[in-house]
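J.: What follows is model_2.txt; its format and atoms are compact mmCIF, C-alpha atoms.
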# COMPACT_ATOMS: atom_id res chain seq x y z
CA MET A 1 25.11 -18.07 -22.04
CA LEU A 2 21.91 -19.71 -20.86
CA LEU A 3 20.31 -18.42 -17.67
CA ASN A 4 19.28 -20.82 -14.94
CA ASP A 5 15.82 -20.82 -13.36
CA ILE A 6 16.86 -18.60 -10.46
CA GLN A 7 18.25 -15.96 -12.81
CA LEU A 8 15.04 -16.15 -14.83
CA THR A 9 13.04 -15.26 -11.73
CA GLY A 10 15.04 -12.04 -11.51
CA LEU A 11 14.16 -11.24 -15.11
CA VAL A 12 10.49 -11.91 -14.39
CA LEU A 13 10.48 -9.68 -11.30
CA PHE A 14 12.37 -6.79 -12.86
CA PRO A 15 9.54 -5.40 -15.06
CA VAL A 16 7.05 -5.75 -12.18
CA ALA A 17 9.41 -3.88 -9.84
CA LEU A 18 10.04 -1.32 -12.57
CA LEU A 19 6.30 -0.70 -12.97
CA GLY A 20 5.91 -0.47 -9.19
CA THR A 21 8.73 2.06 -9.03
CA PHE A 22 7.20 4.10 -11.85
CA PHE A 23 3.62 4.00 -10.56
CA ASN A 24 4.48 4.89 -6.97
CA TRP A 25 7.08 7.60 -7.57
CA THR A 26 4.71 9.10 -10.17
CA ALA A 27 1.93 9.03 -7.57
CA VAL A 28 4.22 10.75 -5.04
CA PHE A 29 5.13 13.47 -7.56
CA VAL A 30 1.57 14.09 -8.75
CA LEU A 31 0.03 14.11 -5.26
CA HIS A 32 2.69 16.63 -4.24
CA LYS A 33 1.72 18.85 -7.19
CA LEU A 34 -2.05 18.65 -6.85
CA PRO A 35 -3.61 21.44 -4.75
CA SER A 36 -6.59 19.16 -4.12
CA PHE A 37 -4.37 16.87 -2.04
CA LYS A 38 -2.95 19.49 0.31
CA HIS A 39 -4.79 18.00 3.28
CA ALA A 40 -4.64 15.00 5.61
CA PHE A 41 -5.72 12.42 3.08
CA GLY A 42 -3.28 13.73 0.50
CA TYR A 43 -0.35 13.63 2.91
CA LEU A 44 -1.23 10.10 4.00
CA SER A 45 -1.65 8.87 0.43
CA SER A 46 1.66 10.39 -0.57
CA SER A 47 3.38 8.77 2.41
CA GLN A 48 1.97 5.37 1.52
CA ALA A 49 3.14 5.81 -2.07
CA VAL A 50 6.64 6.63 -0.77
CA ALA A 51 6.71 3.39 1.25
CA ASP A 52 5.54 1.38 -1.78
CA ALA A 53 8.05 3.17 -3.99
CA ILE A 54 10.96 2.32 -1.67
CA HIS A 55 9.91 -1.34 -1.69
CA SER A 56 9.67 -1.49 -5.49
CA THR A 57 12.88 0.50 -6.02
CA PHE A 58 14.99 -1.80 -3.83
CA PHE A 59 13.57 -4.84 -5.58
CA MET A 60 14.47 -3.30 -8.93
CA LEU A 61 17.92 -1.94 -8.06
CA TYR A 62 19.18 -4.50 -5.53
CA PHE A 63 17.22 -7.75 -5.50
CA CYS A 64 16.85 -8.27 -9.25
CA PRO A 65 20.52 -7.54 -10.09
CA MET A 66 21.56 -9.83 -7.21
CA VAL A 67 19.43 -12.68 -8.56
CA ILE A 68 20.32 -12.19 -12.23
CA THR A 69 24.07 -11.86 -11.69
CA GLY A 70 24.37 -14.21 -8.70
CA SER A 71 26.62 -11.61 -7.07
CA GLU A 72 28.22 -12.95 -3.89
CA PHE A 73 28.87 -9.39 -2.73
CA LEU A 74 25.19 -8.41 -2.95
CA THR A 75 24.19 -11.72 -1.40
CA GLU A 76 26.52 -11.17 1.55
CA TYR A 77 24.70 -7.94 2.46
CA SER A 78 21.23 -9.12 1.44
CA GLU A 79 20.01 -9.03 5.04
CA HIS A 80 20.12 -5.22 4.90
CA CYS A 81 18.07 -5.26 1.71
CA GLY A 82 15.65 -7.63 3.46
CA PHE A 83 15.37 -5.19 6.36
CA ILE A 84 14.53 -2.27 4.04
CA LEU A 85 11.96 -4.36 2.18
CA LEU A 86 10.26 -5.42 5.41
CA PHE A 87 10.40 -1.88 6.80
CA SER A 88 8.81 -0.35 3.69
CA TYR A 89 6.14 -3.07 3.60
CA GLU A 90 5.33 -2.50 7.28
CA LEU A 91 5.20 1.26 6.72
CA SER A 92 2.85 0.87 3.76
CA VAL A 93 0.42 -1.34 5.68
CA GLN A 94 0.39 0.92 8.76
CA ILE A 95 -0.29 4.06 6.72
CA HIS A 96 -2.97 2.18 4.80
CA LEU A 97 -4.70 1.53 8.13
CA VAL A 98 -4.53 5.22 9.08
CA ILE A 99 -5.95 6.20 5.68
CA SER A 100 -8.95 3.96 6.34
CA LEU A 101 -9.37 5.54 9.78
CA ASN A 102 -9.10 8.96 8.15
CA ARG A 103 -12.03 8.21 5.84
CA PHE A 104 -13.99 6.59 8.69
CA PHE A 105 -13.77 9.62 10.98
CA ALA A 106 -14.45 12.03 8.10
CA VAL A 107 -17.84 10.35 7.64
CA TRP A 108 -18.82 9.37 11.16
CA THR A 109 -17.50 12.44 13.05
CA PRO A 110 -17.32 15.21 10.41
CA TYR A 111 -17.36 18.05 12.93
CA ARG A 112 -14.41 16.68 14.89
CA TYR A 113 -12.53 15.43 11.85
CA LYS A 114 -10.86 18.71 10.97
CA THR A 115 -9.33 18.91 14.45
CA MET A 116 -8.36 15.25 14.63
CA PHE A 117 -6.74 15.26 11.18
CA SER A 118 -5.44 18.78 10.99
CA GLU A 119 -2.34 19.33 8.89
CA ARG A 120 -0.19 19.46 12.01
CA ASN A 121 -1.71 16.36 13.60
CA THR A 122 -1.48 14.40 10.36
CA LYS A 123 2.21 15.17 9.96
CA ILE A 124 2.79 14.15 13.58
CA ILE A 125 0.92 10.87 12.94
CA ILE A 126 3.02 10.17 9.85
CA PHE A 127 6.23 10.97 11.74
CA LEU A 128 5.28 8.70 14.66
CA ILE A 129 4.36 5.85 12.32
CA PHE A 130 7.70 6.22 10.57
CA ILE A 131 9.71 6.27 13.80
CA LEU A 132 7.80 3.41 15.46
CA THR A 133 7.90 1.27 12.32
CA LEU A 134 11.61 1.93 11.88
CA GLY A 135 12.32 1.01 15.51
CA PHE A 136 10.14 -2.10 15.35
CA SER A 137 11.63 -3.25 12.05
CA PHE A 138 15.21 -2.59 13.11
CA SER A 139 14.78 -4.49 16.38
CA PHE A 140 13.08 -7.50 14.79
CA TYR A 141 14.79 -7.70 11.40
CA GLU A 142 18.29 -6.37 12.05
CA VAL A 143 18.98 -7.25 15.69
CA LEU A 144 16.89 -10.30 16.62
CA CYS A 145 16.47 -11.86 13.16
CA SER A 146 17.32 -11.21 9.56
CA LEU A 147 15.75 -11.82 6.19
CA GLU A 148 18.53 -13.20 4.00
CA TYR A 149 18.77 -14.23 0.36
CA ASN A 150 19.63 -17.85 -0.41
CA LEU A 151 21.58 -18.36 -3.63
CA LYS A 152 20.46 -21.99 -3.99
CA THR A 153 16.73 -21.31 -3.76
CA GLY A 154 16.54 -17.73 -5.05
CA PHE A 155 14.28 -16.60 -2.18
CA PHE A 156 14.48 -14.55 0.99
CA PHE A 157 14.25 -16.56 4.20
CA PHE A 158 14.16 -15.67 7.87
CA THR A 159 17.03 -16.97 9.94
CA ASP A 160 16.08 -20.54 10.90
CA THR A 161 15.74 -20.26 14.68
CA PRO A 162 12.73 -20.80 16.97
CA LEU A 163 12.62 -17.08 17.78
CA CYS A 164 12.72 -16.05 14.11
CA ASN A 165 10.08 -18.59 13.19
CA THR A 166 7.83 -17.15 15.89
CA ILE A 167 8.51 -13.60 14.71
CA GLY A 168 7.86 -14.60 11.12
CA TRP A 169 4.47 -16.06 11.96
CA TYR A 170 3.11 -13.72 14.64
CA ALA A 171 4.87 -10.43 13.87
CA ASP A 172 4.37 -10.82 10.14
CA PHE A 173 1.46 -12.99 9.01
CA CYS A 174 -0.86 -12.75 12.04
CA LYS A 175 -0.26 -9.03 12.54
CA TYR A 176 -0.63 -8.10 8.89
CA PHE A 177 -3.67 -10.29 8.36
CA THR A 178 -5.36 -8.70 11.40
CA ILE A 179 -4.59 -5.20 10.10
CA ILE A 180 -5.92 -5.97 6.63
CA VAL A 181 -9.15 -7.39 8.08
CA CYS A 182 -9.53 -4.21 10.18
CA ILE A 183 -8.98 -2.08 7.07
CA VAL A 184 -11.68 -3.93 5.15
CA LEU A 185 -14.16 -3.69 8.04
CA ILE A 186 -13.46 0.01 8.58
CA ASP A 187 -13.90 0.78 4.88
CA ILE A 188 -17.14 -1.18 4.73
CA ALA A 189 -18.47 0.80 7.70
CA THR A 190 -17.41 4.02 5.97
CA LEU A 191 -19.13 3.06 2.75
CA TRP A 192 -22.31 2.09 4.60
CA LYS A 193 -22.41 5.52 6.23
CA VAL A 194 -21.86 7.26 2.90
CA ARG A 195 -24.73 5.30 1.35
CA SER A 196 -27.04 6.20 4.23
CA ILE A 197 -26.15 9.88 3.77
CA ASN A 198 -26.84 9.64 0.05
CA LYS A 199 -30.28 8.17 0.69
CA LYS A 200 -31.15 11.14 2.90
CA VAL A 201 -30.12 13.70 0.28
CA HIS A 202 -31.53 11.78 -2.67
CA THR A 203 -34.77 13.72 -2.68
CA SER A 204 -32.97 17.07 -2.77
CA VAL A 205 -30.68 16.47 -5.75
CA ASN A 206 -31.36 15.96 -9.43
CA SER A 207 -30.89 12.61 -11.15
CA GLN A 208 -27.62 13.62 -12.83
CA THR A 209 -26.03 14.55 -9.52
CA HIS A 210 -27.29 11.34 -7.97
CA ARG A 211 -25.71 9.30 -10.80
CA LYS A 212 -22.39 11.03 -10.17
CA MET A 213 -22.65 10.33 -6.46
CA SER A 214 -23.41 6.67 -7.17
CA ALA A 215 -20.39 6.45 -9.49
CA ARG A 216 -18.19 7.79 -6.73
CA GLU A 217 -19.59 5.23 -4.32
CA ILE A 218 -18.87 2.46 -6.81
CA ASN A 219 -15.29 3.67 -7.31
CA PHE A 220 -14.78 3.89 -3.57
CA LEU A 221 -16.17 0.39 -3.10
CA LYS A 222 -13.98 -1.01 -5.88
CA GLN A 223 -10.87 0.54 -4.36
CA THR A 224 -11.78 -0.66 -0.86
CA ILE A 225 -12.41 -4.24 -1.91
CA PHE A 226 -9.53 -4.41 -4.38
CA GLN A 227 -6.84 -3.03 -2.06
CA GLY A 228 -7.98 -5.18 0.85
CA PHE A 229 -8.27 -8.20 -1.43
CA ILE A 230 -4.80 -7.94 -2.96
CA PHE A 231 -3.11 -7.44 0.42
CA THR A 232 -4.99 -10.35 1.96
CA LEU A 233 -4.31 -12.52 -1.07
CA GLU A 234 -0.62 -11.69 -0.91
CA LEU A 235 -0.40 -12.66 2.77
CA VAL A 236 -2.14 -15.98 2.22
CA SER A 237 -0.10 -16.60 -0.90
CA TYR A 238 3.22 -15.86 0.79
CA PHE A 239 2.73 -17.62 4.12
CA ILE A 240 0.29 -20.47 3.46
CA LEU A 241 0.42 -21.61 -0.18
CA PRO A 242 4.14 -22.58 -0.34
CA ALA A 243 3.57 -25.34 2.24
CA HIS A 244 1.14 -26.98 -0.21
CA LEU A 245 3.16 -26.46 -3.39
CA THR A 246 5.98 -28.51 -4.85
CA ASN A 247 6.67 -26.80 -8.18
CA LYS A 248 9.42 -24.19 -7.75
CA TRP A 249 7.80 -21.78 -10.21
CA ALA A 250 4.49 -22.00 -8.39
CA ILE A 251 6.28 -21.22 -5.13
CA PHE A 252 8.05 -18.31 -6.79
CA PHE A 253 4.81 -16.74 -8.02
CA ALA A 254 3.19 -17.33 -4.61
CA THR A 255 6.00 -15.60 -2.71
CA SER A 256 8.46 -13.21 -4.34
CA PHE A 257 6.26 -12.30 -7.31
CA ALA A 258 3.20 -11.68 -5.11
CA TRP A 259 5.28 -9.57 -2.71
CA VAL A 260 6.46 -7.28 -5.51
CA ALA A 261 3.17 -7.18 -7.41
CA VAL A 262 1.07 -6.01 -4.46
CA HIS A 263 3.10 -2.78 -4.20
CA ALA A 264 3.00 -2.16 -7.93
CA LEU A 265 -0.78 -2.56 -7.86
CA ASP A 266 -1.09 -0.21 -4.89
CA GLY A 267 0.55 2.62 -6.85
CA PHE A 268 -1.60 1.83 -9.88
CA ILE A 269 -4.78 1.97 -7.78
CA ILE A 270 -3.91 5.45 -6.50
CA MET A 271 -3.79 6.72 -10.07
CA VAL A 272 -6.84 4.83 -11.32
CA PHE A 273 -9.23 5.80 -8.52
CA ASN A 274 -8.36 9.50 -8.30
CA PRO A 275 -9.85 11.59 -11.13
CA ASP A 276 -7.55 14.55 -10.41
CA VAL A 277 -4.48 12.34 -10.75
CA LYS A 278 -5.68 10.97 -14.08
CA ARG A 279 -6.50 14.45 -15.39
CA TYR A 280 -3.07 15.68 -14.37
CA LEU A 281 -1.30 12.77 -16.06
CA PHE A 282 -3.36 12.87 -19.26
CA SER A 283 -2.85 16.62 -19.57
CA CYS A 284 0.89 16.30 -18.84
CA GLY A 285 0.49 18.53 -15.80
CA HIS A 286 -1.36 21.36 -17.57
CA ALA A 287 -4.87 20.63 -16.29
CA THR A 288 -6.67 23.14 -14.12
CA LEU A 289 -7.26 21.23 -10.92
CA HIS A 290 -9.88 21.83 -8.27
CA THR A 291 -10.78 20.15 -5.03
CA SER A 292 -11.00 16.42 -5.50
CA GLN A 293 -14.49 15.02 -5.92
CA GLY A 294 -13.36 11.46 -6.28
CA SER A 295 -13.97 8.40 -4.20
CA TYR A 296 -11.82 9.40 -1.27
CA ILE A 297 -13.10 11.22 1.77
CA SER A 298 -10.87 14.14 2.61
CA ARG A 299 -12.77 16.80 4.54
CA PRO A 300 -15.94 17.03 6.62
CA GLN A 301 -17.47 19.68 4.35
CA ASP A 302 -17.47 17.14 1.52
CA ILE A 303 -20.39 15.40 3.18
CA SER A 304 -22.49 18.44 3.81
CA SER A 305 -22.00 19.60 0.20
CA ASN A 306 -23.07 16.23 -1.23
CA LYS A 307 -19.75 15.26 -2.80
CA PHE A 308 -20.67 11.59 -2.73
If you convert what's in this file into structure tokens, what do you get?
T.:
Amino acid sequence: MLLNDIQLTGLVLFPVALLGTFFNWTAVFVLHKLPSFKHAFGYLSSSQAVADAIHSTFFMLYFCPMVITGSEFLTEYSEHCGFILLFSYELSVQIHLVISLNRFFAVWTPYRYKTMFSERNTKIIIFLIFILTLGFSFSFYEVLCSLEYNLKTGFFFFTDTPLCNTIGWYADFCKYFTIIVCIVLIDIATLWKVRSINKKVHTSVNSQTHRKMSAREINFLKQTIFQGFIFTLELVSYFILPAHLTNKWAIFFATSFAWVAVHALDGFIIMVFNPDVKRYLFSCGHATLHTSQGSYISRPQDISSNKF
């Protein structure tokens, strides 16, 4: 039996969603195990990975089977899947913003950072983000509007009403684009401060230490630019490009594929840019792990002890 184009899109998305599920749940597990992530940044990173993992898992277990099989039953309740996908996406973006603020305050106000992002305060922040995001998402995407799957097109669409069109543009694209721009600007400011600190301590460290510090700066910069770039690219791709495309496969890659891929990449980035995570994975969990000296900023004493 030959598959139609819509069913083929499900087959294309499945391995991407599978990789996203694997990367993010692996990141959650490893960050939970690592003693070097038992602090604010670790808790925030783990929470973001959970949000990305939920998004990828529902795409893999619900959306892809619905598309491949053309199940009327799954299609009938697709609005609930759409709600979970939007909720997890919103949660991921919001926590991403807090992570950037976490790094920013660790560099610019190191003596107040420990109080601001204490273990208790961080858990409260995560809880509040979860509750507020859940309430916002439920009100907008379950009560006022819904994101439903269309069997004929193979895509999710907001309910076609003036209110839902307004919500889709302002509550989704404009809000997310503004947040991503803020994240990029905050991270650039953080990196600038780190570089200025490194210049001050350059004369007091040997060349080998300075090379290590520079490598960490480069990794931090790569992560900052790459994460901000892929989120921004996904927003533009999803909301703007389809209006200028006519080929159905081009529209598919600009929307559904981009939406799944950005979460898979997010989990991958967590593993790539954290040396402790890579050591843990490559050693199958048997590595002796110490406080992270990677590209992320986790504690105020990292600055004073020249960990950049």
J.: For Glu79 of chain A, which of A:Leu31, A:Val143, A:Leu91, A:Ile6 is the closest residue, counting all atoms listed in the file?
T.: A:Val143
J.: When you look at segment 175-191 of chain A with a cut-off of 9 Å (counting all atoms listed in the file), what residues show up, excluding the ones that are within fewer than 3 positions of it in the same chain? I need them as an NGL selection string.
T.: :A and (90 or 93-94 or 96-101 or 103-108 or 169-172 or 194-196 or 217 or 220-221 or 224-225 or 227-229 or 231-232 or 235-236)
J.: What's around segment 252-263 of chain A at 7 Å? Count all atoms listed in the file, leave out sequence neighbours fewer than 3 positions away in its own chain, and write the answer as number ranges by chain.
T.: A: 13, 16-17, 20, 52, 56, 230-231, 234, 237-238, 241-242, 248-249, 266-267
J.: Restricting the output to C-alpha atoms, write the selected residues as a PDB file, in the frame of the given file.
T.:
ATOM      1  CA  LEU A  13      10.480  -9.680 -11.300  1.00  0.00           C
ATOM      2  CA  VAL A  16       7.050  -5.750 -12.180  1.00  0.00           C
ATOM      3  CA  ALA A  17       9.410  -3.880  -9.840  1.00  0.00           C
ATOM      4  CA  GLY A  20       5.910  -0.470  -9.190  1.00  0.00           C
ATOM      5  CA  ASP A  52       5.540   1.380  -1.780  1.00  0.00           C
ATOM      6  CA  SER A  56       9.670  -1.490  -5.490  1.00  0.00           C
ATOM      7  CA  ILE A 230      -4.800  -7.940  -2.960  1.00  0.00           C
ATOM      8  CA  PHE A 231      -3.110  -7.440   0.420  1.00  0.00           C
ATOM      9  CA  GLU A 234      -0.620 -11.690  -0.910  1.00  0.00           C
ATOM     10  CA  SER A 237      -0.100 -16.600  -0.900  1.00  0.00           C
ATOM     11  CA  TYR A 238       3.220 -15.860   0.790  1.00  0.00           C
ATOM     12  CA  LEU A 241       0.420 -21.610  -0.180  1.00  0.00           C
ATOM     13  CA  PRO A 242       4.140 -22.580  -0.340  1.00  0.00           C
ATOM     14  CA  LYS A 248       9.420 -24.190  -7.750  1.00  0.00           C
ATOM     15  CA  TRP A 249       7.800 -21.780 -10.210  1.00  0.00           C
ATOM     16  CA  ASP A 266      -1.090  -0.210  -4.890  1.00  0.00           C
ATOM     17  CA  GLY A 267       0.550   2.620  -6.850  1.00  0.00           C
TER      18      GLY A 267
END
J.: Need to verify the contact set: Lys152 of chain A, 12 Å, all atoms listed in the file, exclusion of same-chain residues closer than 5 positions in sequence. Can you return it as a PyMOL selection string?
T.: chain A and resi 4-7+67+70+72+75+157+248
J.: Rank A:Thr69, A:Ala49, A:Tyr43, A:Asn165 by their smallest atom-to-atom distance to Ile124 of chain A, using all atoms listed in the file, and report the top residue only.
T.: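 Once distances to Ile124 of chain A are computed over all atoms listed in the file, the minimum belongs to A:Tyr43.
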J.: For Gly135 of chain A, which residue among A:Phe156, A:Pro162, A:Leu44, A:Phe83 is the nearest when counting all atoms listed in the file?
T.: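 Checking each of A:Phe156, A:Pro162, A:Leu44, A:Phe83 against Gly135 of chain A, counting all atoms listed in the file, the winner is A:Phe83.
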J.: What does the distance between atom CA of Phe282 of chain A and atom CA of Leu34 of chain A come to in Å, to one decimal place?
T.: 13.8 Å
J.: Any idea what the distance is between atom CA of Thr122 of chain A and atom CA of Gly42 of chain A?
T.: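 Computed distance, atom CA of Thr122 of chain A to atom CA of Gly42 of chain A, equals 10.0 Å.
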J.: May I ask for the distance between atom CA of Val28 of chain A and atom CA of Phe117 of chain A, given in Å to one decimal place?
T.: 20.1 Å
J.: Emit a file covering segment 46-57 of chain A of the preceding structure with N, CA and C atoms, as an mmCIF file, in the first residue's frame.
T.:
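Below you can see part.cif, which holds the result:
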data_model
loop_
_atom_site.group_PDB
_atom_site.id
_atom_site.type_symbol
_atom_site.label_atom_id
_atom_site.label_comp_id
_atom_site.auth_asym_id
_atom_site.auth_seq_id
_atom_site.Cartn_x
_atom_site.Cartn_y
_atom_site.Cartn_z
ATOM 1 N N SER A 46 17.550 21.626 33.468
ATOM 2 C CA SER A 46 16.784 20.383 33.519
ATOM 3 C C SER A 46 15.304 20.638 33.230
ATOM 4 N N SER A 47 14.784 21.748 33.756
ATOM 5 C CA SER A 47 13.374 22.081 33.525
ATOM 6 C C SER A 47 13.112 22.389 32.057
ATOM 7 N N GLN A 48 14.053 23.092 31.417
ATOM 8 C CA GLN A 48 13.892 23.379 29.997
ATOM 9 C C GLN A 48 13.942 22.091 29.181
ATOM 10 N N ALA A 49 14.830 21.185 29.558
ATOM 11 C CA ALA A 49 14.921 19.908 28.858
ATOM 12 C C ALA A 49 13.640 19.104 29.014
ATOM 13 N N VAL A 50 12.998 19.193 30.182
ATOM 14 C CA VAL A 50 11.715 18.505 30.393
ATOM 15 C C VAL A 50 10.661 19.051 29.439
ATOM 16 N N ALA A 51 10.597 20.391 29.323
ATOM 17 C CA ALA A 51 9.619 21.008 28.417
ATOM 18 C C ALA A 51 9.866 20.572 26.974
ATOM 19 N N ASP A 52 11.134 20.579 26.542
ATOM 20 C CA ASP A 52 11.462 20.139 25.188
ATOM 21 C C ASP A 52 11.152 18.661 24.999
ATOM 22 N N ALA A 53 11.401 17.872 26.032
ATOM 23 C CA ALA A 53 11.142 16.435 25.954
ATOM 24 C C ALA A 53 9.651 16.143 25.806
ATOM 25 N N ILE A 54 8.817 16.878 26.538
ATOM 26 C CA ILE A 54 7.363 16.694 26.424
ATOM 27 C C ILE A 54 6.910 17.002 25.000
ATOM 28 N N HIS A 55 7.429 18.104 24.446
ATOM 29 C CA HIS A 55 7.062 18.495 23.085
ATOM 30 C C HIS A 55 7.445 17.397 22.089
ATOM 31 N N SER A 56 8.677 16.921 22.157
ATOM 32 C CA SER A 56 9.145 15.898 21.225
ATOM 33 C C SER A 56 8.406 14.579 21.421
ATOM 34 N N THR A 57 8.135 14.218 22.674
ATOM 35 C CA THR A 57 7.466 12.954 22.968
ATOM 36 C C THR A 57 6.048 12.928 22.407
#
